[in-house]
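Data from final11.txt: compact mmCIF, C-alpha atoms and all ligand atoms
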```
# COMPACT_ATOMS: atom_id res chain seq x y z
CA MET A 1 -13.84 9.06 -4.57
CA LYS A 2 -11.39 9.90 -7.37
CA GLU A 3 -10.54 13.19 -5.67
CA LEU A 4 -9.67 11.26 -2.50
CA VAL A 5 -7.47 8.85 -4.47
CA GLN A 6 -5.68 11.69 -6.24
CA THR A 7 -5.02 13.58 -3.00
CA LEU A 8 -3.72 10.43 -1.30
CA VAL A 9 -1.40 9.27 -4.09
CA GLU A 10 0.12 12.71 -4.60
CA THR A 11 1.01 13.07 -0.92
CA TYR A 12 4.60 12.42 0.16
CA GLY A 13 5.00 9.38 2.41
CA PRO A 14 7.87 6.91 2.04
CA SER A 15 8.28 4.32 4.81
CA GLY A 16 9.08 6.03 8.10
CA GLN A 17 7.80 9.38 6.76
CA GLU A 18 4.05 8.76 6.77
CA GLY A 19 3.10 11.86 8.77
CA ARG A 20 1.55 13.83 5.92
CA VAL A 21 -0.55 10.89 4.75
CA ARG A 22 -1.62 10.25 8.34
CA ARG A 23 -2.69 13.87 8.86
CA LEU A 24 -4.64 13.82 5.63
CA ILE A 25 -6.51 10.63 6.55
CA GLU A 26 -7.16 11.84 10.09
CA GLU A 27 -8.63 15.04 8.68
CA ARG A 28 -10.94 13.13 6.32
CA ILE A 29 -12.15 10.82 9.09
CA GLY A 30 -13.35 13.90 10.95
CA GLY A 31 -15.46 12.83 13.90
CA VAL A 32 -16.78 9.65 12.30
CA ALA A 33 -14.51 7.37 14.36
CA GLN A 34 -12.32 7.54 17.45
CA VAL A 35 -8.78 8.08 16.27
CA ARG A 36 -5.35 7.62 17.82
CA THR A 37 -1.75 7.25 16.64
CA ASP A 38 0.48 4.60 18.19
CA ALA A 39 4.20 4.74 18.98
CA LEU A 40 5.27 3.66 15.48
CA GLY A 41 2.90 6.05 13.73
CA ASN A 42 0.03 3.72 12.82
CA LEU A 43 -3.27 5.59 12.68
CA ILE A 44 -5.97 3.55 14.41
CA ALA A 45 -9.59 4.54 13.74
CA PHE A 46 -12.17 2.75 15.87
CA LYS A 47 -15.84 2.34 14.92
CA GLN A 48 -17.71 0.86 17.85
CA GLY A 49 -20.28 -1.82 17.01
CA SER A 50 -23.82 -2.17 18.30
CA GLY A 51 -22.84 -5.35 20.14
CA GLY A 52 -22.81 -9.10 19.62
CA GLY A 53 -20.21 -8.96 16.85
CA CYS A 54 -16.49 -9.52 16.91
CA LYS A 55 -13.35 -7.42 16.74
CA VAL A 56 -12.34 -6.84 13.13
CA MET A 57 -9.04 -5.25 12.10
CA VAL A 58 -8.73 -3.76 8.61
CA ALA A 59 -5.23 -2.68 7.56
CA ALA A 60 -4.05 -0.55 4.66
CA HIS A 61 -0.52 0.79 4.54
CA MET A 62 0.20 4.50 4.24
CA ASP A 63 3.85 4.20 3.24
CA GLU A 64 5.28 4.08 -0.27
CA ILE A 65 8.67 2.96 -1.59
CA GLY A 66 11.45 5.56 -1.84
CA LEU A 67 15.15 6.40 -2.04
CA ILE A 68 17.45 7.48 0.81
CA ILE A 69 20.59 9.56 0.31
CA THR A 70 23.80 7.85 1.41
CA HIS A 71 26.49 10.22 0.13
CA VAL A 72 27.01 13.66 -1.47
CA ASP A 73 30.09 14.01 -3.68
CA GLU A 74 32.31 17.10 -4.09
CA LYS A 75 30.26 18.27 -7.09
CA GLY A 76 26.94 17.95 -5.31
CA PHE A 77 25.75 14.70 -6.90
CA LEU A 78 23.97 12.32 -4.56
CA ARG A 79 24.23 8.56 -4.13
CA PHE A 80 21.37 6.64 -2.62
CA ALA A 81 19.97 3.36 -1.33
CA ARG A 82 16.44 2.12 -1.66
CA ILE A 83 13.60 1.99 0.85
CA GLY A 84 11.46 -1.01 -0.05
CA GLY A 85 11.36 -2.89 -3.33
CA VAL A 86 12.68 -0.37 -5.84
CA SER A 87 14.15 -1.67 -9.10
CA PRO A 88 16.90 0.31 -10.90
CA ALA A 89 15.07 -0.30 -14.19
CA THR A 90 12.29 2.07 -13.07
CA LEU A 91 14.55 4.98 -12.16
CA ILE A 92 16.55 6.46 -15.06
CA GLY A 93 15.18 9.82 -16.14
CA GLY A 94 12.70 9.73 -13.28
CA ARG A 95 12.31 12.38 -10.64
CA VAL A 96 12.17 12.25 -6.88
CA ARG A 97 10.72 14.78 -4.47
CA PHE A 98 12.23 15.21 -1.01
CA ALA A 99 10.35 16.08 2.17
CA GLN A 100 11.65 19.66 2.18
CA GLY A 101 10.34 20.14 -1.35
CA ALA A 102 13.58 19.76 -3.32
CA LEU A 103 13.37 17.92 -6.65
CA GLY A 104 15.96 15.47 -7.94
CA VAL A 105 16.59 13.85 -11.34
CA ILE A 106 17.82 10.27 -11.33
CA ALA A 107 20.60 9.56 -13.83
CA TRP A 108 22.89 6.70 -14.84
CA GLU A 109 26.65 7.05 -15.29
CA LYS A 110 26.55 4.87 -18.42
CA TRP A 111 23.55 6.47 -20.14
CA LEU A 112 23.90 6.10 -23.96
CA ARG A 113 27.14 4.17 -23.46
CA SER A 114 25.82 0.78 -22.41
CA ASN A 115 23.01 -1.65 -23.15
CA ASP A 116 23.44 -3.36 -19.78
CA LYS A 117 21.02 -3.13 -16.92
CA PRO A 118 22.02 -0.30 -14.58
CA GLU A 119 23.61 -1.28 -11.30
CA TRP A 120 22.73 0.51 -8.08
CA LYS A 121 26.21 1.94 -7.62
CA GLU A 122 26.09 3.52 -11.11
CA LEU A 123 22.98 5.60 -10.41
CA PHE A 124 23.00 9.08 -8.92
CA ILE A 125 20.64 11.97 -8.23
CA ASP A 126 21.12 15.50 -9.54
CA VAL A 127 19.41 18.15 -7.42
CA GLY A 128 20.92 21.10 -9.27
CA ALA A 129 23.71 21.51 -6.72
CA THR A 130 27.39 22.16 -7.51
CA SER A 131 28.84 21.18 -4.13
CA PRO A 132 27.73 19.57 -0.88
CA LYS A 133 27.39 23.08 0.51
CA ASP A 134 24.65 24.20 -1.85
CA SER A 135 22.86 20.83 -1.99
CA PRO A 136 19.33 21.21 -0.59
CA VAL A 137 19.40 17.60 0.63
CA GLY A 138 21.96 15.49 2.42
CA VAL A 139 22.66 12.08 3.91
CA GLY A 140 19.53 10.51 5.37
CA ASP A 141 17.05 12.58 3.38
CA VAL A 142 14.38 10.51 1.66
CA GLY A 143 12.89 11.00 -1.79
CA ALA A 144 9.64 9.61 -3.22
CA PHE A 145 8.76 9.22 -6.89
CA GLU A 146 7.44 12.47 -8.36
CA ARG A 147 4.53 11.74 -10.69
CA SER A 148 1.05 13.20 -10.86
CA PHE A 149 -2.23 11.30 -10.87
CA ALA A 150 -3.90 10.68 -14.25
CA GLU A 151 -6.93 8.93 -15.71
CA MET A 152 -7.08 6.71 -18.82
CA GLY A 153 -10.78 5.94 -19.15
CA ASP A 154 -11.65 3.64 -16.24
CA ARG A 155 -7.97 3.23 -15.42
CA LEU A 156 -6.29 5.35 -12.76
CA VAL A 157 -2.52 5.93 -12.95
CA ALA A 158 -0.20 7.14 -10.20
CA LYS A 159 2.84 6.49 -8.08
CA ALA A 160 2.01 5.05 -4.63
CA MET A 161 -1.23 3.43 -5.76
CA ASP A 162 0.46 0.76 -3.57
CA ASP A 163 -1.10 1.27 -1.13
CA ARG A 164 -2.90 4.60 -1.04
CA ILE A 165 -5.64 2.91 -3.06
CA GLY A 166 -6.03 0.56 -0.08
CA CYS A 167 -6.10 3.58 2.26
CA ALA A 168 -8.77 5.19 0.06
CA ILE A 169 -10.86 1.99 0.08
CA ALA A 170 -10.58 1.58 3.86
CA LEU A 171 -11.34 5.25 4.47
CA GLN A 172 -14.31 5.28 2.08
CA THR A 173 -15.66 2.14 3.78
CA LEU A 174 -15.29 3.76 7.19
CA LEU A 175 -17.13 6.88 6.01
CA GLU A 176 -19.93 4.96 4.27
CA MET A 177 -20.59 2.17 6.79
CA GLU A 178 -23.68 2.54 8.92
CA SER A 179 -24.60 0.09 11.65
CA SER A 180 -22.53 -2.98 12.43
CA PRO A 181 -22.50 -5.49 15.27
CA ASN A 182 -18.68 -5.54 15.01
CA ASP A 183 -16.09 -3.37 16.68
CA VAL A 184 -14.10 -2.37 13.61
CA TYR A 185 -10.56 -1.02 13.77
CA PHE A 186 -9.38 0.60 10.57
CA VAL A 187 -5.61 0.74 10.85
CA PHE A 188 -3.61 2.87 8.44
CA THR A 189 -0.25 1.23 8.90
CA VAL A 190 3.36 2.40 8.59
CA GLN A 191 6.46 0.69 7.20
CA GLU A 192 4.79 -2.09 5.22
CA GLU A 193 7.26 -1.75 2.36
CA VAL A 194 10.21 -2.49 4.64
CA GLY A 195 8.66 -5.59 6.21
CA THR A 196 5.06 -5.09 7.48
CA ARG A 197 6.36 -3.52 10.69
CA GLY A 198 3.40 -1.26 11.49
CA ALA A 199 0.85 -4.04 11.03
CA ALA A 200 2.87 -6.31 13.32
CA VAL A 201 2.76 -3.96 16.32
CA SER A 202 -0.80 -2.73 15.77
CA ALA A 203 -2.18 -6.28 15.47
CA PHE A 204 -0.32 -7.22 18.65
CA GLY A 205 -1.86 -4.26 20.44
CA LEU A 206 -5.40 -4.71 19.16
CA GLU A 207 -5.66 -8.52 19.39
CA PRO A 208 -8.36 -8.76 16.70
CA ASP A 209 -10.64 -11.80 16.19
CA VAL A 210 -10.16 -11.50 12.45
CA ALA A 211 -7.98 -9.32 10.22
CA VAL A 212 -8.18 -8.19 6.62
CA ALA A 213 -5.52 -6.27 4.71
CA VAL A 214 -6.41 -4.11 1.71
CA ASP A 215 -3.54 -3.89 -0.75
CA VAL A 216 -2.63 -4.17 -4.42
CA THR A 217 -1.75 -7.37 -6.25
CA GLY A 218 -0.19 -8.13 -9.63
CA THR A 219 -2.01 -9.11 -12.82
CA GLY A 220 -1.39 -11.51 -15.68
CA ASP A 221 -3.04 -9.41 -18.37
CA THR A 222 -0.11 -7.56 -19.98
CA PRO A 223 2.09 -8.68 -22.93
CA GLU A 224 4.21 -11.74 -22.09
CA ALA A 225 3.12 -11.53 -18.45
CA HIS A 226 3.90 -14.32 -16.02
CA PRO A 227 0.69 -16.40 -16.01
CA MET A 228 -1.63 -15.13 -13.28
CA ALA A 229 -5.41 -15.38 -13.27
CA VAL A 230 -6.00 -11.76 -12.24
CA SER A 231 -6.97 -8.96 -14.65
CA LEU A 232 -7.74 -5.28 -14.34
CA GLY A 233 -11.44 -4.54 -14.40
CA ALA A 234 -12.56 -8.07 -13.47
CA GLY A 235 -13.38 -7.03 -9.90
CA PRO A 236 -11.54 -6.94 -6.57
CA ALA A 237 -9.43 -10.03 -5.88
CA ILE A 238 -9.71 -12.33 -2.90
CA LYS A 239 -6.27 -13.56 -1.92
CA ILE A 240 -5.85 -17.29 -1.57
CA MET A 241 -2.08 -17.28 -1.21
CA ASP A 242 1.01 -15.16 -1.68
CA SER A 243 4.65 -15.80 -0.88
CA GLY A 244 4.12 -14.80 2.78
CA MET A 245 0.77 -16.28 3.72
CA LEU A 246 -2.05 -18.71 3.13
CA THR A 247 -5.48 -17.18 3.69
CA HIS A 248 -7.47 -18.80 6.49
CA PRO A 249 -9.99 -21.08 4.69
CA ALA A 250 -12.96 -19.70 6.63
CA VAL A 251 -11.89 -16.12 5.86
CA LYS A 252 -11.67 -17.04 2.18
CA GLU A 253 -15.22 -18.48 2.29
CA TRP A 254 -16.46 -15.40 4.16
CA MET A 255 -15.04 -13.09 1.50
CA ILE A 256 -16.32 -15.14 -1.43
CA GLY A 257 -19.75 -15.41 0.21
CA ALA A 258 -19.91 -11.63 0.68
CA ALA A 259 -18.97 -11.00 -2.96
CA GLU A 260 -21.55 -13.53 -4.16
CA GLY A 261 -24.15 -12.01 -1.86
CA LEU A 262 -23.53 -8.64 -3.47
CA GLY A 263 -23.51 -10.18 -6.91
CA ILE A 264 -20.38 -8.26 -7.89
CA PRO A 265 -17.56 -9.51 -10.12
CA HIS A 266 -14.59 -10.78 -8.12
CA GLN A 267 -11.56 -12.98 -8.75
CA LEU A 268 -9.36 -15.35 -6.80
CA GLU A 269 -5.71 -14.45 -6.41
CA VAL A 270 -2.56 -16.49 -6.08
CA LEU A 271 0.45 -14.18 -6.00
CA GLU A 272 3.80 -15.91 -6.35
CA LEU A 273 5.98 -12.99 -5.35
CA GLY A 274 5.26 -10.51 -2.56
CA SER A 275 3.09 -10.26 0.52
CA THR A 276 1.06 -7.80 2.58
CA ASP A 277 0.17 -6.68 6.10
CA ALA A 278 -2.11 -9.75 6.27
CA ARG A 279 0.97 -11.89 6.88
CA ALA A 280 2.03 -9.88 9.92
CA MET A 281 -1.50 -9.82 11.33
CA GLN A 282 -1.97 -13.55 10.79
CA LEU A 283 1.22 -14.31 12.73
CA SER A 284 0.42 -11.97 15.62
CA ARG A 285 0.43 -13.43 19.15
CA SER A 286 -1.11 -16.93 18.97
CA GLY A 287 -2.40 -16.36 15.43
CA VAL A 288 -5.26 -14.41 13.87
CA PRO A 289 -7.51 -15.65 11.04
CA ALA A 290 -6.57 -13.30 8.22
CA GLY A 291 -7.23 -12.56 4.59
CA CYS A 292 -6.55 -9.88 2.05
CA LEU A 293 -8.78 -7.89 -0.25
CA SER A 294 -6.61 -7.12 -3.26
CA VAL A 295 -6.86 -4.45 -5.91
CA PRO A 296 -5.44 -5.68 -9.24
CA CYS A 297 -2.62 -3.33 -10.23
CA ARG A 298 -0.24 -3.22 -13.19
CA TYR A 299 3.39 -2.07 -12.96
CA ILE A 300 3.57 -2.24 -9.15
CA HIS A 301 6.55 -0.38 -7.64
CA THR A 302 6.99 1.83 -10.71
CA PRO A 303 6.02 5.53 -10.84
CA SER A 304 2.98 4.58 -12.95
CA GLU A 305 0.92 2.00 -11.10
CA VAL A 306 -2.39 1.35 -12.88
CA VAL A 307 -5.66 0.21 -11.30
CA ASP A 308 -9.24 0.07 -12.60
CA TYR A 309 -11.75 2.33 -10.89
CA ARG A 310 -14.51 -0.32 -11.14
CA ASP A 311 -12.36 -2.73 -9.11
CA VAL A 312 -11.86 0.01 -6.53
CA GLN A 313 -15.59 0.60 -6.21
CA GLY A 314 -16.18 -3.15 -6.00
CA ALA A 315 -13.63 -3.36 -3.20
CA VAL A 316 -15.43 -0.68 -1.18
CA ALA A 317 -18.77 -2.48 -1.59
CA LEU A 318 -17.25 -5.82 -0.59
CA LEU A 319 -15.35 -4.50 2.42
CA LYS A 320 -18.39 -2.57 3.61
CA LYS A 321 -20.54 -5.69 3.49
CA MET A 322 -17.89 -7.75 5.29
CA VAL A 323 -17.40 -5.39 8.22
CA SER A 324 -21.09 -4.44 8.54
CA GLU A 325 -22.51 -7.94 8.99
CA ALA A 326 -21.98 -10.66 11.56
CA VAL A 327 -18.73 -12.51 10.80
CA PRO A 328 -19.38 -16.26 10.26
CA ALA A 329 -18.74 -18.34 13.38
CA GLU A 330 -16.29 -20.53 11.43
CA VAL A 331 -13.96 -17.55 11.13
CA THR A 332 -13.66 -16.83 14.82
CA ALA A 333 -14.21 -20.34 16.18
CA ALA A 334 -10.53 -21.16 16.69
CA LYS A 335 -9.79 -17.92 18.51
CA ARG A 336 -12.72 -18.37 20.90
CA GLN A 337 -11.56 -21.74 22.20
CA THR A 338 -10.10 -21.19 25.62
CA VAL A 339 -9.25 -24.71 26.75
CO CO B 401 4.44 -2.41 -2.22
ZN ZN B 402 1.43 -2.62 -0.72
```
Same coordinates, now as C-alpha cells:
Amino acid sequence: MKELVQTLVETYGPSGQEGRVRRLIEERIGGVAQVRTDALGNLIAFKQGSGGGCKVMVAAHMDEIGLIITHVDEKGFLRFARIGGVSPATLIGGRVRFAQGALGVIAWEKWLRSNDKPEWKELFIDVGATSPKDSPVGVGDVGAFERSFAEMGDRLVAKAMDDRIGCAIALQTLLEMESSPNDVYFVFTVQEEVGTRGAAVSAFGLEPDVAVAVDVTGTGDTPEAHPMAVSLGAGPAIKIMDSGMLTHPAVKEWMIGAAEGLGIPHQLEVLELGSTDARAMQLSRSGVPAGCLSVPCRYIHTPSEVVDYRDVQGAVALLKKMVSEAVPAEVTAAKRQTV
C-alpha cells in the first residue's frame, strides 16, 4: 500500500485541479466498482451490496492546498494568493510545481533583514523568468507544494498527505472488501480545502443513509503542542467533534464497536480547529448521520505532513469492517422515519 500512497501524494492536485488524481484513482479501481464523475469533478465509485443493507457514503478528498498567481511584475516575479489554509510560515525557501510542469521558488522580500513573521504581500515566487514575456506561468495558474514522499521508520512523510492518505485508505478498502449487504459509494471528492464543496453536492445527489469521511486530524504529541489526546501510532482516530461538526452518537458507537470487534488500537478525537467533508455530508438535505475516521497527522498543511503507517493499516481494517457488515439500526433509525 506504500506504493499507492507515494503515487497519490506525489500527484499534482490543488483544489479545482483534481483531474490527475481522479484519473489515477479511476485507473486503480479498474473494474472493481461502477465509476462516474459528476459535474464538479467528484469521482463516485459504487459497490453494489447483496441486499438488506443500507446506503453508505464514504468520502475522501482528492484536492490539496496550493497557491494561485495573481500578478506578474515587469521582472518576471510572481505574486500569489492561497488556495485553502496555507500559512506564510511554511513557504519561505519552499518550491511549488505548476500544472504545466514549471517549478517556482518561494521567497520573502525581507529575508535576512527581519525577524518578523512574513506577510502575504511580502512573498513572491521566482520561476527563473526575467519578464512577463518569458514567464512560463501567469495569472490564474496554480502551484502545489513540491516535495517527494519519504519514510522514517513507520512514519510516512509527504505533502498532500491531507487527504491523499484518506483516498488511499478508501481505495484500498474498496479493493479489499468482499461481500457486503450495503450499497457502498466511495466518493473521492473535490474542493474540500476551500469549503467541502464536492462533498456537499455529492451527498445531496446520493442521499446516503449514513456517511463517513476519511481525513487527517491533528495530534498533541509534539513539543509544546496544544493539548490533544491523539498521538501518531496509537491507531486510527474516531472523531467525536471538530469545529464544524458533532459526530452522530450512534455513528460514534458504531465506529467504536467495530474497532473493539477487531481488537485494534484506536483513539477518540476532539479537534478544536478545522473540519472535514463529514460536516457537509451531515448537513445535506434533511440531515445525514455522519462520522469521520481520522488519520493522526503531524504538521498538517505544511510540505511535510507525517502519518504512521500502522494507523493507516488500522484505518483500512476498521473502514472495511464498517462498510462490510450490517449498519446498526440505531444509525439509520432517524432517516427511516417517514411520518
Ligand atoms: Co486540509
Ligand atoms: Zn483534509
Checklist entry - Which residues, written as a PyMOL selection string, have at least one atom at most 10 Å from Ile125 (chain A), with all atoms listed in the file counted and residues fewer than 5 positions away on the same chain left out? => result chain A and resi 67+69+72+76-80+92-96+103-108
Next on the checklist: At a cut-off of 8 Å, using all atoms listed in the file, what residues contact region 166-168 of chain A? Leave out same-chain residues fewer than 2 positions from it and give the result as a PyMOL selection string.
Outcome noted: chain A and resi 1+4-5+8+60-62+161-164+170-172+188+214-216+295
Next on the checklist: Please return as a PyMOL selection string the residues found within 10 Å of ligand CO 401 (chain B), counting all atoms listed in the file.
Outcome noted: chain A and resi 61+63-65+84-86+160-163+192-195+215-217+274-276+300-302
Checklist entry - Residues at most 7 Å from Val230 (chain A), counting all atoms listed in the file, excluding those fewer than 5 positions away in the same chain, as a list in words? => result Thr219, Gly220, Gln267, Glu269 and Pro296 of chain A
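Taking CA of Leu43 (chain A) and CA of Val306 (chain A) as endpoints, the distance between them is 25.9 Å.
CA of Glu272 (chain A) is positioned 21.0 Å from CA of Thr90 (chain A).
One distance worth recording is that between CA of Arg197 (chain A) and CA of Gly41 (chain A), which is 10.6 Å.
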Next on the checklist: Counting only C-alpha atoms, I want the residues whose atoms come within 9 Å of (-13.6, -1.3, -2.5) in the file frame, returned as a PyMOL selection string.
Outcome noted: chain A and resi 166+168-170+172-173+214+236+293+295+310-320
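Among the candidates A:Gly218, A:Pro136, A:Gly66, A:Gly153, the residue lying nearest to Val270 (chain A) is A:Gly218 (atoms considered: only C-alpha atoms).
Minimum atom-to-atom distances from A:Thr332, A:Gly49, A:Ala199, A:His226 to Asp277 (chain A) were compared using all atoms listed in the file, and the lowest value belongs to A:Ala199.
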Identify the residues within 10 Å of coordinate (17.9, 9.4, 5.8) (same frame as the file), considering all atoms listed in the file, and give the answer as a compact mmCIF listing (two decimals) with C-alpha atoms, in the frame of the given file.
```txt
# COMPACT_ATOMS: atom_id res chain seq x y z
CA GLY A 16 9.08 6.03 8.10
CA LEU A 67 15.15 6.40 -2.04
CA ILE A 68 17.45 7.48 0.81
CA ILE A 69 20.59 9.56 0.31
CA THR A 70 23.80 7.85 1.41
CA PHE A 80 21.37 6.64 -2.62
CA ALA A 81 19.97 3.36 -1.33
CA ILE A 83 13.60 1.99 0.85
CA VAL A 137 19.40 17.60 0.63
CA GLY A 138 21.96 15.49 2.42
CA VAL A 139 22.66 12.08 3.91
CA GLY A 140 19.53 10.51 5.37
CA ASP A 141 17.05 12.58 3.38
CA VAL A 142 14.38 10.51 1.66
CA GLY A 143 12.89 11.00 -1.79
```
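With only C-alpha atoms and all ligand atoms as the basis for measurement, A:Ser15 is the residue among A:Ser15, A:Glu74, A:Pro328, A:Glu10 that approaches ligand ZN 402 (chain B) most closely.
For the choices A:Ser180, A:Thr196, A:Glu26, A:Cys54, the atom-to-atom distance to ligand ZN 402 (chain B) is smallest for A:Thr196 when using only C-alpha atoms and all ligand atoms.
Minimum atom-to-atom distances from A:Cys292, A:Met245, A:Leu262, A:Ile25 to ligand ZN 402 (chain B) were compared using only C-alpha atoms and all ligand atoms, and the lowest value belongs to A:Cys292.
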Expected axis-aligned box over every listed atom of region 303-308 of chain A, 8 Å added per side, centre plus edges in Å to one decimal, as AutoDock Vina command-line options:
```
--center_x -1.6 --center_y 2.8 --center_z -11.9 --size_x 31.3 --size_y 21.5 --size_z 18.1
```
Checklist entry - Quick one: residues within 12 Å of Ala326 (chain A), only C-alpha atoms counted, chain neighbours fewer than 3 positions away excluded, as a list in words? => result Gly49, Ser50, Gly51, Gly52, Gly53, Cys54, Lys55, Val56, Ser179, Ser180, Pro181, Asn182, Asp183, Val184, Val210, Trp254, Ala258, Lys320, Lys321, Met322, Val323, Ala329, Glu330, Val331 and Thr332 of chain A
For the residues selected in the previous step, produce a file with C-alpha atoms as a PDB file, in the frame of the given file.
```
ATOM      1  CA  GLY A  49     -20.280  -1.820  17.010  1.00  0.00           C
ATOM      2  CA  SER A  50     -23.820  -2.170  18.300  1.00  0.00           C
ATOM      3  CA  GLY A  51     -22.840  -5.350  20.140  1.00  0.00           C
ATOM      4  CA  GLY A  52     -22.810  -9.100  19.620  1.00  0.00           C
ATOM      5  CA  GLY A  53     -20.210  -8.960  16.850  1.00  0.00           C
ATOM      6  CA  CYS A  54     -16.490  -9.520  16.910  1.00  0.00           C
ATOM      7  CA  LYS A  55     -13.350  -7.420  16.740  1.00  0.00           C
ATOM      8  CA  VAL A  56     -12.340  -6.840  13.130  1.00  0.00           C
ATOM      9  CA  SER A 179     -24.600   0.090  11.650  1.00  0.00           C
ATOM     10  CA  SER A 180     -22.530  -2.980  12.430  1.00  0.00           C
ATOM     11  CA  PRO A 181     -22.500  -5.490  15.270  1.00  0.00           C
ATOM     12  CA  ASN A 182     -18.680  -5.540  15.010  1.00  0.00           C
ATOM     13  CA  ASP A 183     -16.090  -3.370  16.680  1.00  0.00           C
ATOM     14  CA  VAL A 184     -14.100  -2.370  13.610  1.00  0.00           C
ATOM     15  CA  VAL A 210     -10.160 -11.500  12.450  1.00  0.00           C
ATOM     16  CA  TRP A 254     -16.460 -15.400   4.160  1.00  0.00           C
ATOM     17  CA  ALA A 258     -19.910 -11.630   0.680  1.00  0.00           C
ATOM     18  CA  LYS A 320     -18.390  -2.570   3.610  1.00  0.00           C
ATOM     19  CA  LYS A 321     -20.540  -5.690   3.490  1.00  0.00           C
ATOM     20  CA  MET A 322     -17.890  -7.750   5.290  1.00  0.00           C
ATOM     21  CA  VAL A 323     -17.400  -5.390   8.220  1.00  0.00           C
ATOM     22  CA  ALA A 329     -18.740 -18.340  13.380  1.00  0.00           C
ATOM     23  CA  GLU A 330     -16.290 -20.530  11.430  1.00  0.00           C
ATOM     24  CA  VAL A 331     -13.960 -17.550  11.130  1.00  0.00           C
ATOM     25  CA  THR A 332     -13.660 -16.830  14.820  1.00  0.00           C
TER      26      THR A 332
END
```
Next on the checklist: Give me, as a list in words, all polymer residues having an atom no more than 10 Å from Ala334 (chain A), counting all atoms listed in the file and skipping those fewer than 4 positions away in the same chain.
Outcome noted: Asp209, Gly287, Val288, Pro289, Ala329, Glu330 and Thr338 of chain A
